[in-house]
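Enquirer: Next comes the structure file query.cif, holding mmCIF, C-alpha atoms and all ligand atoms.
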```cif
data_query
#
loop_
_atom_site.label_atom_id
_atom_site.label_comp_id
_atom_site.auth_asym_id
_atom_site.auth_seq_id
_atom_site.Cartn_x
_atom_site.Cartn_y
_atom_site.Cartn_z
CA ASN R 289 -16.46 20.00 -28.59
CA TYR R 290 -14.42 16.81 -28.74
CA GLN R 291 -11.68 16.83 -26.13
CA GLY R 292 -9.57 14.28 -27.96
CA ILE R 293 -8.84 13.67 -31.62
CA ILE R 294 -7.46 10.27 -32.62
CA PHE R 295 -5.74 10.18 -36.00
CA ASP R 296 -5.17 7.16 -38.16
CA LEU R 297 -1.60 7.28 -39.53
CA ASP R 298 -1.36 5.71 -42.98
CA GLY R 299 -3.66 7.62 -45.36
CA VAL R 300 -4.43 10.42 -42.88
CA ILE R 301 -1.23 11.91 -41.40
CA CYS R 302 0.98 10.62 -44.20
CA HIS R 303 0.93 8.60 -47.38
CA THR R 304 2.78 5.44 -46.59
CA ASP R 305 -0.02 3.69 -48.51
CA ARG R 306 2.01 3.88 -51.74
CA TYR R 307 4.93 2.15 -50.01
CA HIS R 308 2.61 -0.58 -48.72
CA PHE R 309 1.39 -0.96 -52.32
CA LEU R 310 4.90 -1.25 -53.77
CA ALA R 311 6.01 -3.77 -51.14
CA TRP R 312 2.92 -5.98 -51.51
CA LYS R 313 3.26 -5.74 -55.30
CA GLN R 314 6.65 -7.44 -55.08
CA ILE R 315 5.22 -10.24 -52.93
CA ALA R 316 2.28 -10.59 -55.34
CA ASP R 317 4.65 -10.80 -58.33
CA GLN R 318 6.62 -13.53 -56.55
CA LEU R 319 3.39 -15.53 -56.05
CA GLY R 320 2.05 -14.88 -59.57
CA ILE R 321 -0.83 -12.77 -58.24
CA ASN R 322 -2.21 -9.86 -60.22
CA PHE R 323 -2.07 -7.06 -57.63
CA ASP R 324 -4.23 -4.00 -58.18
CA ASP R 325 -5.75 -0.99 -56.40
CA ARG R 326 -8.90 -2.92 -55.59
CA ILE R 327 -6.95 -5.44 -53.49
CA ASN R 328 -4.74 -2.70 -52.04
CA ASP R 329 -7.77 -0.67 -50.90
CA ARG R 330 -9.09 -3.64 -48.94
CA MET R 331 -5.78 -3.74 -47.03
CA ARG R 332 -6.12 -0.18 -45.73
CA GLY R 333 -5.99 -0.12 -41.94
CA VAL R 334 -5.79 -3.91 -41.80
CA SER R 335 -2.90 -5.65 -39.98
CA ARG R 336 0.04 -7.15 -41.88
CA MET R 337 -1.04 -10.80 -41.49
CA ASP R 338 -4.69 -9.99 -42.28
CA SER R 339 -3.48 -8.07 -45.36
CA LEU R 340 -1.54 -11.15 -46.48
CA GLU R 341 -4.72 -13.25 -46.19
CA ILE R 342 -6.53 -10.73 -48.43
CA LEU R 343 -3.71 -11.05 -50.97
CA LEU R 344 -3.78 -14.86 -50.80
CA GLU R 345 -7.47 -14.92 -51.80
CA GLU R 346 -6.05 -14.37 -55.30
CA TYR R 347 -3.42 -17.10 -54.95
CA HIS R 348 -4.03 -20.38 -56.73
CA GLY R 349 -0.68 -22.17 -56.26
CA GLU R 350 0.42 -24.86 -53.81
CA PRO R 351 -1.08 -24.35 -50.31
CA LEU R 352 1.25 -22.35 -48.03
CA THR R 353 2.26 -23.39 -44.53
CA ALA R 354 1.89 -21.05 -41.56
CA ALA R 355 5.69 -20.63 -41.53
CA GLN R 356 5.74 -19.69 -45.23
CA LYS R 357 3.05 -17.08 -44.57
CA VAL R 358 5.05 -15.57 -41.73
CA ALA R 359 8.11 -15.47 -44.00
CA LEU R 360 6.13 -13.69 -46.74
CA ALA R 361 4.83 -11.12 -44.25
CA GLU R 362 8.37 -10.57 -42.94
CA LYS R 363 9.71 -10.11 -46.46
CA LYS R 364 6.97 -7.60 -47.23
CA ASN R 365 7.89 -5.70 -44.08
CA GLN R 366 11.58 -5.62 -44.99
CA LEU R 367 10.72 -4.20 -48.39
CA TYR R 368 8.34 -1.69 -46.78
CA VAL R 369 10.82 -0.55 -44.13
CA GLY R 370 13.40 -0.14 -46.89
CA LEU R 371 11.01 2.16 -48.76
CA LEU R 372 10.32 4.16 -45.58
CA GLN R 373 13.95 5.29 -45.70
CA ASN R 374 12.84 7.59 -48.54
CA MET R 375 10.57 9.43 -46.14
CA GLY R 376 11.49 12.60 -44.30
CA GLU R 377 10.02 15.68 -42.64
CA ALA R 378 9.05 17.03 -46.07
CA ASP R 379 6.48 14.21 -46.27
CA LEU R 380 4.43 15.85 -43.54
CA SER R 381 2.24 18.36 -45.37
CA GLU R 382 1.91 21.95 -44.20
CA GLU R 383 -1.85 21.43 -44.09
CA VAL R 384 -1.63 18.50 -41.69
CA ARG R 385 0.97 20.17 -39.49
CA LYS R 386 -0.88 23.49 -39.25
CA THR R 387 -4.26 21.86 -38.67
CA MET R 388 -2.90 19.73 -35.83
CA ASP R 389 -1.06 22.71 -34.29
CA THR R 390 -4.28 24.74 -34.37
CA LEU R 391 -6.34 21.96 -32.80
CA ARG R 392 -3.74 21.66 -30.09
CA SER R 393 -3.74 25.42 -29.46
CA ARG R 394 -7.50 25.13 -28.94
CA GLY R 395 -6.80 22.65 -26.14
CA ARG R 396 -7.58 19.40 -27.92
CA LYS R 397 -5.60 16.30 -26.97
CA LEU R 398 -4.15 14.53 -30.00
CA ALA R 399 -3.47 10.82 -30.38
CA ILE R 400 -2.48 8.28 -33.01
CA GLY R 401 -4.57 5.14 -33.58
CA SER R 402 -2.78 3.01 -36.18
CA SER R 403 -2.66 -0.70 -37.01
CA SER R 404 0.99 -0.34 -37.97
CA LYS R 405 3.84 -1.89 -36.02
CA ASN R 406 6.09 0.65 -37.76
CA THR R 407 4.29 3.67 -36.28
CA LYS R 408 7.18 4.91 -34.15
CA LEU R 409 9.60 4.68 -37.08
CA ILE R 410 7.19 6.61 -39.34
CA LEU R 411 6.59 9.32 -36.71
CA LYS R 412 10.36 9.65 -36.34
CA ARG R 413 10.87 10.09 -40.07
CA LEU R 414 8.15 12.75 -40.13
CA GLY R 415 9.75 14.61 -37.20
CA LEU R 416 6.74 13.85 -34.99
CA THR R 417 8.41 11.88 -32.20
CA GLY R 418 6.90 13.14 -28.94
CA TYR R 419 4.34 15.33 -30.72
CA PHE R 420 1.22 13.34 -29.78
CA ASP R 421 -0.28 13.10 -26.31
CA ALA R 422 -0.72 9.36 -26.87
CA VAL R 423 0.26 6.73 -29.44
CA SER R 424 -1.74 3.52 -29.80
CA ASP R 425 -0.53 1.24 -32.59
CA GLY R 426 0.01 -2.31 -33.81
CA THR R 427 2.43 -2.98 -30.96
CA ASN R 428 -0.11 -2.58 -28.14
CA ILE R 429 -3.10 -4.43 -29.59
CA THR R 430 -4.10 -8.03 -30.26
CA ARG R 431 -6.98 -7.37 -32.70
CA SER R 432 -6.65 -5.01 -35.65
CA LYS R 433 -9.29 -2.73 -37.20
CA PRO R 434 -12.27 -3.22 -37.70
CA ASP R 435 -11.97 -4.23 -34.05
CA PRO R 436 -12.09 -1.03 -31.92
CA GLU R 437 -9.18 -2.03 -29.65
CA VAL R 438 -6.61 0.39 -31.10
CA PHE R 439 -8.93 3.40 -30.64
CA LEU R 440 -10.16 2.29 -27.20
CA CYS R 441 -6.50 2.10 -26.07
CA ALA R 442 -5.83 5.55 -27.54
CA ALA R 443 -8.79 7.06 -25.66
CA GLN R 444 -7.71 5.32 -22.48
CA TYR R 445 -4.14 6.67 -22.87
CA LEU R 446 -5.64 10.15 -23.24
CA GLY R 447 -7.80 9.56 -20.15
CA LEU R 448 -10.98 10.24 -22.14
CA CYS R 449 -14.09 8.17 -22.83
CA PRO R 450 -14.92 7.38 -26.51
CA GLY R 451 -17.85 9.84 -26.51
CA LYS R 452 -15.40 12.72 -25.97
CA CYS R 453 -13.13 11.70 -28.87
CA LEU R 454 -13.29 12.00 -32.64
CA VAL R 455 -11.56 9.40 -34.85
CA VAL R 456 -10.10 10.58 -38.19
CA GLU R 457 -9.83 7.77 -40.75
CA ASP R 458 -9.32 7.04 -44.45
CA ALA R 459 -10.38 3.38 -44.45
CA LYS R 460 -13.62 1.47 -44.11
CA ALA R 461 -12.05 -0.87 -41.55
CA GLY R 462 -11.16 2.18 -39.44
CA ILE R 463 -14.62 3.75 -39.66
CA LEU R 464 -16.17 0.43 -38.61
CA ALA R 465 -13.69 0.22 -35.72
CA ALA R 466 -14.61 3.73 -34.57
CA LYS R 467 -18.32 2.93 -34.70
CA ALA R 468 -17.86 -0.36 -32.83
CA GLY R 469 -15.97 1.52 -30.10
CA GLY R 470 -18.62 4.22 -29.68
CA PHE R 471 -16.61 6.98 -31.38
CA ASP R 472 -17.80 9.59 -33.86
CA SER R 473 -15.66 9.55 -37.00
CA ALA R 474 -14.44 11.92 -39.69
CA GLY R 475 -13.74 10.25 -43.04
CA LEU R 476 -11.17 11.26 -45.64
CA GLY R 477 -10.74 9.82 -49.13
CA GLU R 478 -12.77 6.68 -49.80
CA ALA R 479 -13.96 6.70 -46.17
CA ALA R 480 -15.78 10.01 -46.79
CA ALA R 481 -18.30 8.15 -48.95
CA PHE R 482 -18.84 5.37 -46.44
CA ALA R 483 -22.32 5.23 -44.88
CA PHE R 484 -21.12 4.76 -41.29
CA VAL R 485 -18.96 7.88 -41.22
CA THR R 486 -20.23 10.67 -38.92
CA TYR R 487 -18.62 13.56 -40.87
CA PRO R 488 -17.32 13.27 -44.43
CA LEU R 489 -14.31 15.55 -44.99
CA GLN R 490 -13.08 17.04 -48.27
CA SER R 491 -9.67 17.77 -46.83
CA PHE R 492 -7.71 17.39 -43.60
CA SER R 493 -8.07 21.09 -42.74
CA ASP R 494 -11.88 20.69 -42.72
CA LEU R 495 -11.31 19.40 -39.19
CA LEU R 496 -10.91 23.02 -38.08
CA LYS R 497 -14.42 23.89 -39.30
CA LEU R 498 -15.86 20.73 -37.77
CA ASP R 499 -14.15 21.48 -34.46
CA GLY R 500 -15.21 25.13 -34.51
CA ASN R 501 -18.87 24.33 -35.21
CA ARG R 502 -19.45 22.05 -32.28
C1 LIG I 601 -1.61 0.68 -41.70
C2 LIG I 601 -1.97 0.39 -43.17
C3 LIG I 601 -2.22 -1.05 -43.51
C4 LIG I 601 -1.12 -1.91 -42.91
C5 LIG I 601 -1.15 -1.73 -41.41
C6 LIG I 601 -0.08 -2.56 -40.71
O1 LIG I 601 -2.69 0.99 -40.94
O2 LIG I 601 -3.10 1.13 -43.59
O3 LIG I 601 -2.26 -1.20 -44.93
O4 LIG I 601 -1.30 -3.27 -43.26
O5 LIG I 601 -0.91 -0.37 -41.07
O6 LIG I 601 1.18 -2.02 -41.00
P1 LIG I 601 2.58 -2.68 -40.59
O7 LIG I 601 2.83 -3.79 -41.54
O8 LIG I 601 3.55 -1.53 -40.70
O9 LIG I 601 2.44 -3.17 -39.15
P2 LIG I 601 -3.23 2.45 -40.42
O10 LIG I 601 -4.08 1.95 -39.30
O11 LIG I 601 -2.10 3.35 -39.97
O12 LIG I 601 -3.97 2.99 -41.61
MG MG I 602 -5.35 4.39 -42.76
#
```
Take the structure in this file and express it as structure tokens.
Expert:
Amino acid sequence: NYQGIIFDLDGVICHTDRYHFLAWKQIADQLGINFDDRINDRMRGVSRMDSLEILLEEYHGEPLTAAQKVALAEKKNQLYVGLLQNMGEADLSEEVRKTMDTLRSRGRKLAIGSSSKNTKLILKRLGLTGYFDAVSDGTNITRSKPDPEVFLCAAQYLGLCPGKCLVVEDAKAGILAAKAGGFDSAGLGEAAAFAFVTYPLQSFSDLLKLDGNR
């Protein structure tokens, strides 16, 4: 069995993805960019500045300076953090909570591996402060997914090698990061259909079957 399970945050533990969408939509509108789900999906698991670059592929106005880009990313984050105020403990599903509690009762170590610099705020809103054995996020890394750094740090914080850990992800960038780091992965949502995923999952609670069968 895997001794450690490393969860992505956005799209796996909770659905902050719709808040990311709404915040980027406002930035896109300001720049005259037609923002849609296709662009939004490419931003999953990708850092804030890298997400902005994805958005700007659709931008055909005056070239932006580095300072203007930073200002746009900061504005997006302000909008996003504002939207996070709508989140509370009710946004953590029973399924996710019970599945994680069961994995823990079986002796698994649980960690977060997220690109987000807002991870601690989101965990607080969900009532999960202090719940995980380790938290690796956008504040302790220099390279975002698909680089494996965030997961390698999580495994290191748990005191486990990658081969003993399973990564749970919803995004292609995250599955690629897991593979690059030598981790097996379980894919939810669009990641379930991705060729590099070790185990496609129908639902979060499928982790209990996967864990029990190994
Ligand atoms: C999440 C989201 C990405 C977002 C990134 C950085 O990653 O999926 O869309 O761009 O965090 O977020 P922030 O702007 O809060 O630092 P993950 O790894 O939790 O899926
Ligand atoms: Mg994600």
Enquirer: Give me the residues of region 404-486 of chain R that have any atom at most 12 Å from an atom of region 313-329 of chain R; for each, the nearest atom pair and the distance in Å, rounded to one decimal. Use all atoms listed in the file, sort by chain and number, and format it as a Markdown table.
Expert:
```
| residue | atom | partner | partner_atom | distance |
| --- | --- | --- | --- | --- |
| R:Asp458 | CA | R:Asp329 | CA | 10.2 |
| R:Ala459 | CA | R:Asp329 | CA | 8.1 |
| R:Lys460 | CA | R:Asp329 | CA | 9.2 |
| R:Ala461 | CA | R:Asp329 | CA | 10.3 |
| R:Gly477 | CA | R:Asp329 | CA | 11.0 |
| R:Glu478 | CA | R:Asp329 | CA | 9.0 |
| R:Ala479 | CA | R:Asp329 | CA | 10.7 |
```
Enquirer: Which residue, R:Thr387, R:Thr427, R:Ser493, R:Ser402, has the smallest gap to Val455 (chain R) when you use all atoms listed in the file?
Expert: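 Of the candidates, the smallest distance to Val455 (chain R) is held by R:Ser402.
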Enquirer: If the limit is 12 Å from any atom of ligand MG 602 (chain I), counting all atoms listed in the file, which residues qualify? Return them as a short mmCIF file (atom, residue, chain, number, x, y, z; two decimals) with C-alpha atoms, in the coordinates of the input.
Expert:
```
data_model
loop_
_atom_site.label_atom_id
_atom_site.label_comp_id
_atom_site.auth_asym_id
_atom_site.auth_seq_id
_atom_site.Cartn_x
_atom_site.Cartn_y
_atom_site.Cartn_z
CA ILE R 294 -7.46 10.27 -32.62
CA PHE R 295 -5.74 10.18 -36.00
CA ASP R 296 -5.17 7.16 -38.16
CA LEU R 297 -1.60 7.28 -39.53
CA ASP R 298 -1.36 5.71 -42.98
CA GLY R 299 -3.66 7.62 -45.36
CA VAL R 300 -4.43 10.42 -42.88
CA ILE R 301 -1.23 11.91 -41.40
CA CYS R 302 0.98 10.62 -44.20
CA HIS R 303 0.93 8.60 -47.38
CA THR R 304 2.78 5.44 -46.59
CA ASP R 305 -0.02 3.69 -48.51
CA ARG R 306 2.01 3.88 -51.74
CA HIS R 308 2.61 -0.58 -48.72
CA ASN R 328 -4.74 -2.70 -52.04
CA ASP R 329 -7.77 -0.67 -50.90
CA ARG R 330 -9.09 -3.64 -48.94
CA MET R 331 -5.78 -3.74 -47.03
CA ARG R 332 -6.12 -0.18 -45.73
CA GLY R 333 -5.99 -0.12 -41.94
CA VAL R 334 -5.79 -3.91 -41.80
CA SER R 335 -2.90 -5.65 -39.98
CA ILE R 400 -2.48 8.28 -33.01
CA GLY R 401 -4.57 5.14 -33.58
CA SER R 402 -2.78 3.01 -36.18
CA SER R 403 -2.66 -0.70 -37.01
CA SER R 404 0.99 -0.34 -37.97
CA THR R 407 4.29 3.67 -36.28
CA ASP R 425 -0.53 1.24 -32.59
CA SER R 432 -6.65 -5.01 -35.65
CA LYS R 433 -9.29 -2.73 -37.20
CA PRO R 434 -12.27 -3.22 -37.70
CA VAL R 455 -11.56 9.40 -34.85
CA VAL R 456 -10.10 10.58 -38.19
CA GLU R 457 -9.83 7.77 -40.75
CA ASP R 458 -9.32 7.04 -44.45
CA ALA R 459 -10.38 3.38 -44.45
CA LYS R 460 -13.62 1.47 -44.11
CA ALA R 461 -12.05 -0.87 -41.55
CA GLY R 462 -11.16 2.18 -39.44
CA ILE R 463 -14.62 3.75 -39.66
CA ALA R 465 -13.69 0.22 -35.72
CA GLY R 475 -13.74 10.25 -43.04
CA LEU R 476 -11.17 11.26 -45.64
CA GLY R 477 -10.74 9.82 -49.13
CA GLU R 478 -12.77 6.68 -49.80
CA ALA R 479 -13.96 6.70 -46.17
#
```
Enquirer: If I take CA of Ser491 (chain R) and CA of Phe420 (chain R), how far is one from the other in Å, to one decimal?
Expert: 20.7 Å
Enquirer: Using the file's own x, y and z axes, what box holds all listed atoms of ligand LIG 601 (chain I) with 5 Å on each side, keeping edges along x, y and z, and what are its centre and edge lengths in Å to one decimal, as AutoDock Vina command-line options?
Expert:
```
--center_x -0.3 --center_y -0.2 --center_z -42.0 --size_x 17.6 --size_y 17.1 --size_z 15.8
```
Enquirer: Quick one, how far is CA of Gln373 (chain R) from atom O10 of ligand LIG 601 (chain I)?
Expert: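 Interatomic distance here is 19.4 Å.
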Enquirer: Between CA of Asn365 (chain R) and atom O8 of ligand LIG 601 (chain I), measure the distance and give it in Å to one decimal.
Expert: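 That distance, rounded to one decimal, is 6.9 Å.
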Enquirer: Pick out the residues sitting within 6 Å of region 438-444 of chain R, and hand them over as a VMD selection string; count only C-alpha atoms, and ignore anything fewer than 3 positions along from it in its own chain.
Expert: chain R and resid 401 424 447 to 448
Enquirer: Ranking R:Leu352, R:Leu416, R:Cys449, R:Met375 by minimum distance to Met388 (chain R) and counting only C-alpha atoms, which one comes first?
Expert: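 Checking each candidate against Met388 (chain R), we get R:Leu416 as the closest.
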Enquirer: Calculated over all atoms listed in the file, which of the candidates R:Leu409, R:Ala466, R:Asp499, R:Cys453 has the smallest distance to Phe484 (chain R)?
Expert: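 So, comparing all the options, the nearest one is R:Ala466.
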Enquirer: Using only C-alpha atoms, which residue out of R:Lys497, R:Val358, R:Lys364, R:Trp312 lies closest to Leu343 (chain R)?
Expert: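 Closest residue, counting only C-alpha atoms: R:Trp312.
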Enquirer: Restricting the calculation to all atoms listed in the file, which member of R:Leu391, R:Leu411, R:Leu344, R:Ala480 is positioned closest to ligand LIG 601 (chain I)?
Expert: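 Ranking R:Leu391, R:Leu411, R:Leu344, R:Ala480 by distance to ligand LIG 601 (chain I), first place goes to R:Leu411.
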